[in-house]
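Student: I have a structure here, written as structure tokens, and I will follow up with some questions on it.
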Amino acid sequence: MKIYTKTGDDGETGLFGGPRVSKGHPRIAAYGDVDELNAVLGWARSLQPPPAIESVLAPIQHDLFAIGGELAAIEPEKLPVRFNGQERIAALEATIDKFESQLQPLKQFILPSGALPAAALHVARTVARRAERSVVDLAATDGTTISSEVMIYLNRLSDLLFVLARSANSQLGVSDVPWEQPARNEKA
């Protein structure tokens, strides 16, 4: 089987169980952003984050694949395997609490930086926020129903990725970089 089908050469793609739509359709943007997030997490994992963080990221990639499938389906309720949102949201929240309890409380904003795995997790956090915005935009499209659990999951995931980035820095002995307010340009 060839990887290229040539069926998308005209700027359209097929949805699971549905019609062909423009590759610029909000549904394609939403599952494309989720796919990009999954790829960024794969990249972050390739940078060998601390083992406790690595063990958290693998199941998230599987979650994102399931979410992408739901977003690509016109009738996700008919898919043979569905995203288990409530259970996975609870798991994200428990993981946030666990890792956050091991960190010094934030007293100011920090810059997205640090050790390579932490910086990659900060990139993943921003991609998660974009994916969330794309899903919200899709949900606002007439005739479209998106599980609220998908939106909640993506929201919690970006929070988790922020905490994991800080944790990666901490575990790797790298300090968070505090944001410094730019000096005001005083006119004489």
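The chains in the structure tokens are called A, B, ... from first to last as shown; in each chain the residues are counted from 1, and the ligands are counted from 1 in the order shown.
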Which residues are close to Leu41 in chain A, i.e. within 7 Å by only C-alpha atoms, leaving aside same-chain residues fewer than 4 positions away? Reply as a short mmCIF file (atom, residue, chain, number, x, y, z; two decimals) with all heavy atoms, in the first residue's frame.
Tutor:
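Done, and the output landed in around-v4.cif:
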```
data_model
loop_
_atom_site.label_atom_id
_atom_site.label_comp_id
_atom_site.auth_asym_id
_atom_site.auth_seq_id
_atom_site.Cartn_x
_atom_site.Cartn_y
_atom_site.Cartn_z
N LEU A 37 0.35 18.47 18.35
CA LEU A 37 0.66 18.35 19.78
C LEU A 37 1.23 16.97 20.09
O LEU A 37 2.22 16.85 20.82
CB LEU A 37 -0.61 18.61 20.60
CG LEU A 37 -0.51 18.35 22.10
CD1 LEU A 37 0.61 19.16 22.75
CD2 LEU A 37 -1.86 18.66 22.75
N ARG A 45 9.66 13.61 24.33
CA ARG A 45 10.07 12.32 24.87
C ARG A 45 11.42 11.89 24.33
O ARG A 45 12.21 11.25 25.05
CB ARG A 45 9.02 11.25 24.55
CG ARG A 45 7.70 11.46 25.30
CD ARG A 45 6.68 10.42 24.94
NE ARG A 45 7.12 9.11 25.41
CZ ARG A 45 6.64 7.95 24.94
NH1 ARG A 45 5.73 7.94 23.99
NH2 ARG A 45 7.08 6.81 25.42
N ALA A 124 5.21 22.24 23.81
CA ALA A 124 4.01 21.39 23.80
C ALA A 124 2.84 22.09 24.48
O ALA A 124 1.70 22.00 24.02
CB ALA A 124 4.30 20.05 24.47
#
```
Student: Write out as CSV the residues of range 35-139 of chain A that have any atom within 8 Å of an atom of range 160-169 of chain A, one row each with the nearest atom pair and its distance in Å to one decimal, counting only C-alpha atoms, sorted by chain and then rising number.
Tutor:
```
residue,atom,partner,partner_atom,distance
A:Pro49,CA,A:Ala168,CA,6.5
A:Pro50,CA,A:Ala168,CA,6.5
A:Ile53,CA,A:Leu164,CA,6.8
A:Leu92,CA,A:Leu160,CA,6.9
A:Glu93,CA,A:Leu160,CA,7.8
A:Thr95,CA,A:Leu160,CA,7.4
A:Ile96,CA,A:Leu160,CA,5.3
A:Phe99,CA,A:Val163,CA,6.8
A:Glu100,CA,A:Val163,CA,6.2
A:Gln102,CA,A:Ser167,CA,7.9
A:Leu103,CA,A:Ser167,CA,6.8
A:Gly114,CA,A:Asn169,CA,6.1
A:Ala115,CA,A:Asn169,CA,5.9
A:Pro117,CA,A:Ala168,CA,6.7
A:Ala118,CA,A:Ala165,CA,4.2
A:Ala119,CA,A:Ala165,CA,6.9
A:Ala120,CA,A:Ala165,CA,7.9
A:Leu121,CA,A:Ala165,CA,5.3
A:His122,CA,A:Ala165,CA,6.0
A:Ala124,CA,A:Leu161,CA,7.0
A:Arg125,CA,A:Leu161,CA,5.3
```
Student: Write the selection just made, keeping all heavy atoms, as a short mmCIF file (atom, residue, chain, number, x, y, z; two decimals), in the first residue's frame?
Tutor:
```cif
data_model
loop_
_atom_site.label_atom_id
_atom_site.label_comp_id
_atom_site.auth_asym_id
_atom_site.auth_seq_id
_atom_site.Cartn_x
_atom_site.Cartn_y
_atom_site.Cartn_z
N PRO A 49 13.34 13.14 28.96
CA PRO A 49 13.01 13.80 30.23
C PRO A 49 13.20 12.82 31.38
O PRO A 49 13.34 11.61 31.16
CB PRO A 49 11.53 14.17 30.04
CG PRO A 49 11.00 13.16 29.09
CD PRO A 49 12.17 12.87 28.15
N PRO A 50 13.19 13.31 32.61
CA PRO A 50 13.30 12.40 33.75
C PRO A 50 12.25 11.29 33.65
O PRO A 50 11.14 11.51 33.15
CB PRO A 50 13.06 13.32 34.95
CG PRO A 50 13.52 14.66 34.48
CD PRO A 50 13.13 14.72 33.03
N ILE A 53 8.55 11.81 34.42
CA ILE A 53 7.83 12.61 33.43
C ILE A 53 7.57 11.77 32.18
O ILE A 53 6.47 11.80 31.62
CB ILE A 53 8.61 13.89 33.12
CG1 ILE A 53 8.62 14.79 34.36
CG2 ILE A 53 8.04 14.62 31.90
CD1 ILE A 53 9.50 16.01 34.27
N LEU A 92 -5.17 13.38 34.81
CA LEU A 92 -4.34 14.58 34.60
C LEU A 92 -4.32 15.45 35.85
O LEU A 92 -3.27 15.95 36.25
CB LEU A 92 -4.87 15.40 33.42
CG LEU A 92 -4.72 14.83 32.02
CD1 LEU A 92 -5.22 15.84 30.99
CD2 LEU A 92 -3.31 14.40 31.71
N GLU A 93 -5.49 15.64 36.47
CA GLU A 93 -5.57 16.48 37.66
C GLU A 93 -4.75 15.89 38.81
O GLU A 93 -4.03 16.63 39.50
CB GLU A 93 -7.03 16.67 38.07
CG GLU A 93 -7.79 17.55 37.08
CD GLU A 93 -9.28 17.60 37.33
OE1 GLU A 93 -9.81 16.79 38.15
OE2 GLU A 93 -9.95 18.44 36.70
N THR A 95 -2.15 14.00 38.49
CA THR A 95 -0.75 14.14 38.12
C THR A 95 -0.27 15.58 38.32
O THR A 95 0.84 15.80 38.81
CB THR A 95 -0.53 13.68 36.66
OG1 THR A 95 -1.02 12.34 36.52
CG2 THR A 95 0.93 13.72 36.28
N ILE A 96 -1.11 16.54 37.97
CA ILE A 96 -0.76 17.94 38.22
C ILE A 96 -0.51 18.14 39.70
O ILE A 96 0.51 18.71 40.11
CB ILE A 96 -1.88 18.89 37.73
CG1 ILE A 96 -1.97 18.89 36.21
CG2 ILE A 96 -1.64 20.32 38.26
CD1 ILE A 96 -3.21 19.58 35.66
N PHE A 99 2.89 16.46 40.90
CA PHE A 99 4.12 17.13 40.49
C PHE A 99 4.21 18.54 41.08
O PHE A 99 5.29 18.98 41.45
CB PHE A 99 4.24 17.18 38.96
CG PHE A 99 4.76 15.90 38.37
CD1 PHE A 99 3.90 14.87 38.02
CD2 PHE A 99 6.12 15.72 38.16
CE1 PHE A 99 4.38 13.69 37.48
CE2 PHE A 99 6.61 14.54 37.62
CZ PHE A 99 5.74 13.52 37.28
N GLU A 100 3.08 19.22 41.15
CA GLU A 100 3.09 20.59 41.68
C GLU A 100 3.48 20.61 43.16
O GLU A 100 4.16 21.53 43.62
CB GLU A 100 1.74 21.26 41.47
CG GLU A 100 1.78 22.76 41.67
CD GLU A 100 0.52 23.43 41.19
OE1 GLU A 100 -0.58 22.84 41.32
OE2 GLU A 100 0.63 24.56 40.70
N GLN A 102 5.67 18.98 44.53
CA GLN A 102 7.11 18.81 44.65
C GLN A 102 7.89 20.05 44.21
O GLN A 102 9.12 20.04 44.22
CB GLN A 102 7.54 17.60 43.81
CG GLN A 102 6.89 16.31 44.23
CD GLN A 102 7.05 15.20 43.21
OE1 GLN A 102 7.69 15.35 42.17
NE2 GLN A 102 6.46 14.05 43.49
N LEU A 103 7.18 21.09 43.78
CA LEU A 103 7.82 22.30 43.27
C LEU A 103 7.68 23.46 44.24
O LEU A 103 6.71 23.51 45.01
CB LEU A 103 7.19 22.70 41.93
CG LEU A 103 7.37 21.73 40.77
CD1 LEU A 103 6.48 22.13 39.60
CD2 LEU A 103 8.82 21.66 40.35
N GLY A 114 14.89 26.68 29.84
CA GLY A 114 15.52 25.72 30.74
C GLY A 114 16.18 24.59 29.99
O GLY A 114 16.63 24.75 28.86
N ALA A 115 16.23 23.45 30.63
CA ALA A 115 16.81 22.25 30.02
C ALA A 115 16.01 21.87 28.77
O ALA A 115 14.83 22.22 28.65
CB ALA A 115 16.80 21.11 31.04
N PRO A 117 14.48 19.11 27.68
CA PRO A 117 13.16 18.51 27.85
C PRO A 117 12.12 19.51 28.37
O PRO A 117 10.97 19.49 27.95
CB PRO A 117 13.39 17.39 28.86
CG PRO A 117 14.85 17.07 28.76
CD PRO A 117 15.51 18.38 28.44
N ALA A 118 12.54 20.40 29.26
CA ALA A 118 11.62 21.40 29.80
C ALA A 118 11.19 22.37 28.70
O ALA A 118 10.00 22.70 28.58
CB ALA A 118 12.27 22.16 30.95
N ALA A 119 12.14 22.84 27.91
CA ALA A 119 11.80 23.76 26.82
C ALA A 119 10.84 23.10 25.83
O ALA A 119 9.88 23.73 25.36
CB ALA A 119 13.08 24.23 26.13
N ALA A 120 11.07 21.82 25.53
CA ALA A 120 10.17 21.10 24.62
C ALA A 120 8.77 20.97 25.23
O ALA A 120 7.77 21.08 24.52
CB ALA A 120 10.73 19.72 24.29
N LEU A 121 8.69 20.78 26.53
CA LEU A 121 7.38 20.70 27.20
C LEU A 121 6.68 22.05 27.18
O LEU A 121 5.45 22.12 27.08
CB LEU A 121 7.53 20.16 28.62
CG LEU A 121 7.92 18.68 28.68
CD1 LEU A 121 8.38 18.30 30.09
CD2 LEU A 121 6.76 17.80 28.22
N HIS A 122 7.45 23.13 27.27
CA HIS A 122 6.84 24.46 27.13
C HIS A 122 6.28 24.65 25.72
O HIS A 122 5.20 25.22 25.54
CB HIS A 122 7.86 25.56 27.45
CG HIS A 122 8.01 25.85 28.91
ND1 HIS A 122 6.98 26.31 29.71
CD2 HIS A 122 9.10 25.77 29.72
CE1 HIS A 122 7.41 26.49 30.94
NE2 HIS A 122 8.70 26.16 30.98
N ALA A 124 5.21 22.24 23.81
CA ALA A 124 4.01 21.39 23.80
C ALA A 124 2.84 22.09 24.48
O ALA A 124 1.70 22.00 24.02
CB ALA A 124 4.30 20.05 24.47
N ARG A 125 3.12 22.81 25.57
CA ARG A 125 2.06 23.54 26.27
C ARG A 125 1.41 24.57 25.35
O ARG A 125 0.19 24.69 25.31
CB ARG A 125 2.64 24.23 27.51
CG ARG A 125 1.68 25.17 28.20
CD ARG A 125 2.36 25.95 29.33
NE ARG A 125 3.56 26.67 28.94
CZ ARG A 125 3.56 27.86 28.35
NH1 ARG A 125 2.42 28.46 28.03
NH2 ARG A 125 4.69 28.46 28.06
#
```
Student: Identify all residues of range 13-182 of chain A in strand (DSSP E or B) (DSSP on the backbone) and supply them as a list in words.
Tutor: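 Here is the list: Thr13, Gly14, Phe16, Arg20, Val21, Ser22, Ala73, Ile110, Leu111, Val177 and Pro178 of chain A.
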Student: Would you save the residues from that selection as a compact mmCIF listing (two decimals), in the first residue's frame, using all heavy atoms?
Tutor:
```
# COMPACT_ATOMS: atom_id res chain seq x y z
N THR A 13 -10.14 16.63 1.90
CA THR A 13 -9.82 15.37 2.58
C THR A 13 -11.11 14.76 3.08
O THR A 13 -12.12 15.46 3.25
CB THR A 13 -8.81 15.60 3.73
OG1 THR A 13 -8.35 14.34 4.19
CG2 THR A 13 -9.42 16.38 4.88
N GLY A 14 -11.09 13.47 3.33
CA GLY A 14 -12.28 12.77 3.81
C GLY A 14 -12.31 12.69 5.32
O GLY A 14 -11.28 12.56 5.98
N PHE A 16 -13.91 10.68 8.80
CA PHE A 16 -14.40 9.34 9.17
C PHE A 16 -15.92 9.33 9.07
O PHE A 16 -16.59 10.10 9.74
CB PHE A 16 -14.00 8.98 10.60
CG PHE A 16 -12.54 8.71 10.81
CD1 PHE A 16 -11.97 8.95 12.05
CD2 PHE A 16 -11.74 8.21 9.81
CE1 PHE A 16 -10.62 8.70 12.27
CE2 PHE A 16 -10.40 7.96 10.01
CZ PHE A 16 -9.84 8.20 11.25
N ARG A 20 -16.28 14.61 2.12
CA ARG A 20 -14.99 15.27 1.89
C ARG A 20 -15.18 16.74 2.20
O ARG A 20 -16.23 17.32 1.89
CB ARG A 20 -14.52 15.05 0.45
CG ARG A 20 -14.22 13.56 0.18
CD ARG A 20 -13.59 13.32 -1.16
NE ARG A 20 -12.27 13.91 -1.30
CZ ARG A 20 -11.15 13.43 -0.73
NH1 ARG A 20 -11.20 12.37 0.04
NH2 ARG A 20 -9.99 14.01 -0.94
N VAL A 21 -14.18 17.34 2.84
CA VAL A 21 -14.24 18.75 3.19
C VAL A 21 -12.92 19.41 2.83
O VAL A 21 -11.91 18.74 2.64
CB VAL A 21 -14.54 18.96 4.70
CG1 VAL A 21 -15.91 18.41 5.07
CG2 VAL A 21 -13.46 18.35 5.57
N SER A 22 -12.92 20.72 2.81
CA SER A 22 -11.70 21.49 2.55
C SER A 22 -10.68 21.22 3.64
O SER A 22 -11.03 21.08 4.82
CB SER A 22 -12.04 22.98 2.52
OG SER A 22 -10.86 23.75 2.60
N ALA A 73 -14.20 12.40 13.13
CA ALA A 73 -15.43 11.66 12.84
C ALA A 73 -16.65 12.58 12.92
O ALA A 73 -16.79 13.36 13.86
CB ALA A 73 -15.60 10.51 13.84
N ILE A 110 7.31 33.08 34.83
CA ILE A 110 8.60 32.54 34.38
C ILE A 110 8.60 32.48 32.85
O ILE A 110 7.55 32.43 32.21
CB ILE A 110 8.88 31.13 34.96
CG1 ILE A 110 7.81 30.12 34.52
CG2 ILE A 110 9.01 31.20 36.47
CD1 ILE A 110 8.17 28.68 34.82
N LEU A 111 9.82 32.48 32.31
CA LEU A 111 9.97 32.37 30.87
C LEU A 111 9.98 30.90 30.47
O LEU A 111 10.47 30.05 31.22
CB LEU A 111 11.29 33.01 30.43
CG LEU A 111 11.43 34.50 30.70
CD1 LEU A 111 12.81 34.99 30.24
CD2 LEU A 111 10.33 35.30 30.03
N VAL A 177 13.48 30.49 34.89
CA VAL A 177 13.97 31.84 34.60
C VAL A 177 12.84 32.82 34.83
O VAL A 177 11.83 32.79 34.12
CB VAL A 177 14.49 31.95 33.14
CG1 VAL A 177 14.94 33.36 32.84
CG2 VAL A 177 15.59 30.93 32.89
N PRO A 178 12.96 33.67 35.85
CA PRO A 178 11.88 34.62 36.13
C PRO A 178 11.78 35.69 35.05
O PRO A 178 12.78 36.13 34.49
CB PRO A 178 12.26 35.22 37.48
CG PRO A 178 13.71 34.99 37.62
CD PRO A 178 14.06 33.79 36.79
```
Student: For CA of Leu138 in chain A and CA of Arg27 in chain A, determine how far apart the two atoms are, in Å to one decimal place.
Tutor: 5.9 Å
Student: Which value, in Å to one decimal, gives the distance between CA of Asp97 in chain A and CA of Arg156 in chain A?
Tutor: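 So the answer is 11.5 Å.
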Student: Would you pick out the contacts of Gln86 in chain A at 12 Å or less, using only C-alpha atoms, so that residues sharing its chain but fewer than 3 positions from it are not included, and give the list as a list in words?
Tutor: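 Returned residues: Asp63, Arg82, Phe83, Ile89, Ala90, Ala91, Leu92, Glu93, Ser147, Ser148, Glu149, Val150, Met151, Ile152, Tyr153 and Arg156 of chain A.
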Student: For those residues, write N, CA and C atoms to a file as a PDB file, in the first residue's frame.
Tutor:
```
ATOM      1  N   ASP A  63      -3.951   9.123  24.361  1.00  0.00           N
ATOM      2  CA  ASP A  63      -5.179   9.921  24.515  1.00  0.00           C
ATOM      3  C   ASP A  63      -5.365  10.842  23.316  1.00  0.00           C
ATOM      4  N   ARG A  82     -13.741   4.794  22.023  1.00  0.00           N
ATOM      5  CA  ARG A  82     -13.951   6.212  22.335  1.00  0.00           C
ATOM      6  C   ARG A  82     -12.954   6.680  23.381  1.00  0.00           C
ATOM      7  N   PHE A  83     -12.711   7.969  23.389  1.00  0.00           N
ATOM      8  CA  PHE A  83     -11.865   8.607  24.377  1.00  0.00           C
ATOM      9  C   PHE A  83     -12.588   8.598  25.719  1.00  0.00           C
ATOM     10  N   ILE A  89      -9.257  12.880  32.477  1.00  0.00           N
ATOM     11  CA  ILE A  89      -9.184  14.217  33.082  1.00  0.00           C
ATOM     12  C   ILE A  89      -8.813  14.083  34.556  1.00  0.00           C
ATOM     13  N   ALA A  90      -9.445  13.151  35.249  1.00  0.00           N
ATOM     14  CA  ALA A  90      -9.120  12.917  36.665  1.00  0.00           C
ATOM     15  C   ALA A  90      -7.648  12.522  36.821  1.00  0.00           C
ATOM     16  N   ALA A  91      -7.146  11.709  35.894  1.00  0.00           N
ATOM     17  CA  ALA A  91      -5.743  11.299  35.960  1.00  0.00           C
ATOM     18  C   ALA A  91      -4.812  12.500  35.748  1.00  0.00           C
ATOM     19  N   LEU A  92      -5.167  13.380  34.808  1.00  0.00           N
ATOM     20  CA  LEU A  92      -4.344  14.583  34.597  1.00  0.00           C
ATOM     21  C   LEU A  92      -4.325  15.450  35.850  1.00  0.00           C
ATOM     22  N   GLU A  93      -5.494  15.636  36.465  1.00  0.00           N
ATOM     23  CA  GLU A  93      -5.574  16.477  37.658  1.00  0.00           C
ATOM     24  C   GLU A  93      -4.748  15.894  38.806  1.00  0.00           C
ATOM     25  N   SER A 147     -17.501  16.858  22.283  1.00  0.00           N
ATOM     26  CA  SER A 147     -17.565  16.480  23.689  1.00  0.00           C
ATOM     27  C   SER A 147     -16.883  17.546  24.545  1.00  0.00           C
ATOM     28  N   SER A 148     -17.561  17.990  25.573  1.00  0.00           N
ATOM     29  CA  SER A 148     -16.944  18.967  26.487  1.00  0.00           C
ATOM     30  C   SER A 148     -15.717  18.348  27.148  1.00  0.00           C
ATOM     31  N   GLU A 149     -15.689  17.026  27.265  1.00  0.00           N
ATOM     32  CA  GLU A 149     -14.544  16.360  27.877  1.00  0.00           C
ATOM     33  C   GLU A 149     -13.266  16.560  27.062  1.00  0.00           C
ATOM     34  N   VAL A 150     -13.401  16.663  25.755  1.00  0.00           N
ATOM     35  CA  VAL A 150     -12.225  16.911  24.910  1.00  0.00           C
ATOM     36  C   VAL A 150     -11.657  18.292  25.223  1.00  0.00           C
ATOM     37  N   MET A 151     -12.532  19.289  25.333  1.00  0.00           N
ATOM     38  CA  MET A 151     -12.067  20.646  25.632  1.00  0.00           C
ATOM     39  C   MET A 151     -11.466  20.721  27.033  1.00  0.00           C
ATOM     40  N   ILE A 152     -12.105  20.081  27.998  1.00  0.00           N
ATOM     41  CA  ILE A 152     -11.582  20.083  29.368  1.00  0.00           C
ATOM     42  C   ILE A 152     -10.232  19.385  29.408  1.00  0.00           C
ATOM     43  N   TYR A 153     -10.120  18.256  28.731  1.00  0.00           N
ATOM     44  CA  TYR A 153      -8.858  17.505  28.712  1.00  0.00           C
ATOM     45  C   TYR A 153      -7.727  18.373  28.180  1.00  0.00           C
ATOM     46  N   ARG A 156      -6.729  21.006  30.751  1.00  0.00           N
ATOM     47  CA  ARG A 156      -5.931  20.420  31.835  1.00  0.00           C
ATOM     48  C   ARG A 156      -4.548  20.006  31.345  1.00  0.00           C
TER      49      ARG A 156
END
```
Student: So which one's closest to Pro59 in chain A, A:Asn155, A:Asn38, A:Gln171, A:Ser46? Using only C-alpha atoms, please.
Tutor: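 With only C-alpha atoms as the atom set, the closest residue is A:Asn38.
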Student: Quick one, how far is CA of Arg129 in chain A from CA of Glu180 in chain A?
Tutor: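 Answer for the CA of Arg129 in chain A to CA of Glu180 in chain A separation: 23.5 Å.
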Student: Among the residues of chain A, find those DSSP assigns to alpha helix (DSSP H) from the backbone and print them as a ChimeraX atom specification.
Tutor: /A:26-46,51-71,85-100,116-139,148-171
Student: Please list as an mmCIF file with N, CA and C atoms, in the first residue's frame every residue within 10 Å of Thr145 in chain A, counting only C-alpha atoms and excluding residues in the same chain fewer than 2 positions away.
Tutor:
```
data_model
loop_
_atom_site.group_PDB
_atom_site.id
_atom_site.type_symbol
_atom_site.label_atom_id
_atom_site.label_comp_id
_atom_site.auth_asym_id
_atom_site.auth_seq_id
_atom_site.Cartn_x
_atom_site.Cartn_y
_atom_site.Cartn_z
ATOM 1 N N LEU A 71 -12.326 13.783 16.726
ATOM 2 C CA LEU A 71 -12.478 15.049 16.014
ATOM 3 C C LEU A 71 -12.600 14.840 14.512
ATOM 4 N N ILE A 74 -17.510 12.462 11.941
ATOM 5 C CA ILE A 74 -18.767 13.221 11.959
ATOM 6 C C ILE A 74 -19.658 12.733 13.094
ATOM 7 N N GLU A 75 -19.662 11.418 13.336
ATOM 8 C CA GLU A 75 -20.458 10.826 14.411
ATOM 9 C C GLU A 75 -19.533 10.015 15.329
ATOM 10 N N PRO A 76 -18.817 10.703 16.220
ATOM 11 C CA PRO A 76 -17.842 9.989 17.054
ATOM 12 C C PRO A 76 -18.475 8.932 17.959
ATOM 13 N N LEU A 138 -14.115 24.874 16.477
ATOM 14 C CA LEU A 138 -14.900 23.822 15.823
ATOM 15 C C LEU A 138 -16.239 23.649 16.519
ATOM 16 N N ALA A 139 -16.236 23.652 17.846
ATOM 17 C CA ALA A 139 -17.485 23.479 18.607
ATOM 18 C C ALA A 139 -18.474 24.607 18.317
ATOM 19 N N ALA A 140 -17.968 25.778 17.938
ATOM 20 C CA ALA A 140 -18.839 26.915 17.640
ATOM 21 C C ALA A 140 -19.388 26.876 16.213
ATOM 22 N N THR A 141 -18.932 25.911 15.416
ATOM 23 C CA THR A 141 -19.401 25.761 14.048
ATOM 24 C C THR A 141 -20.808 25.185 14.062
ATOM 25 N N ASP A 142 -21.701 25.782 13.290
ATOM 26 C CA ASP A 142 -23.086 25.311 13.234
ATOM 27 C C ASP A 142 -23.164 23.823 12.940
ATOM 28 N N GLY A 143 -24.006 23.131 13.678
ATOM 29 C CA GLY A 143 -24.252 21.716 13.455
ATOM 30 C C GLY A 143 -23.158 20.801 13.979
ATOM 31 N N SER A 147 -17.501 16.858 22.283
ATOM 32 C CA SER A 147 -17.565 16.480 23.689
ATOM 33 C C SER A 147 -16.883 17.546 24.545
ATOM 34 N N SER A 148 -17.561 17.990 25.573
ATOM 35 C CA SER A 148 -16.944 18.967 26.487
ATOM 36 C C SER A 148 -15.717 18.348 27.148
#
```
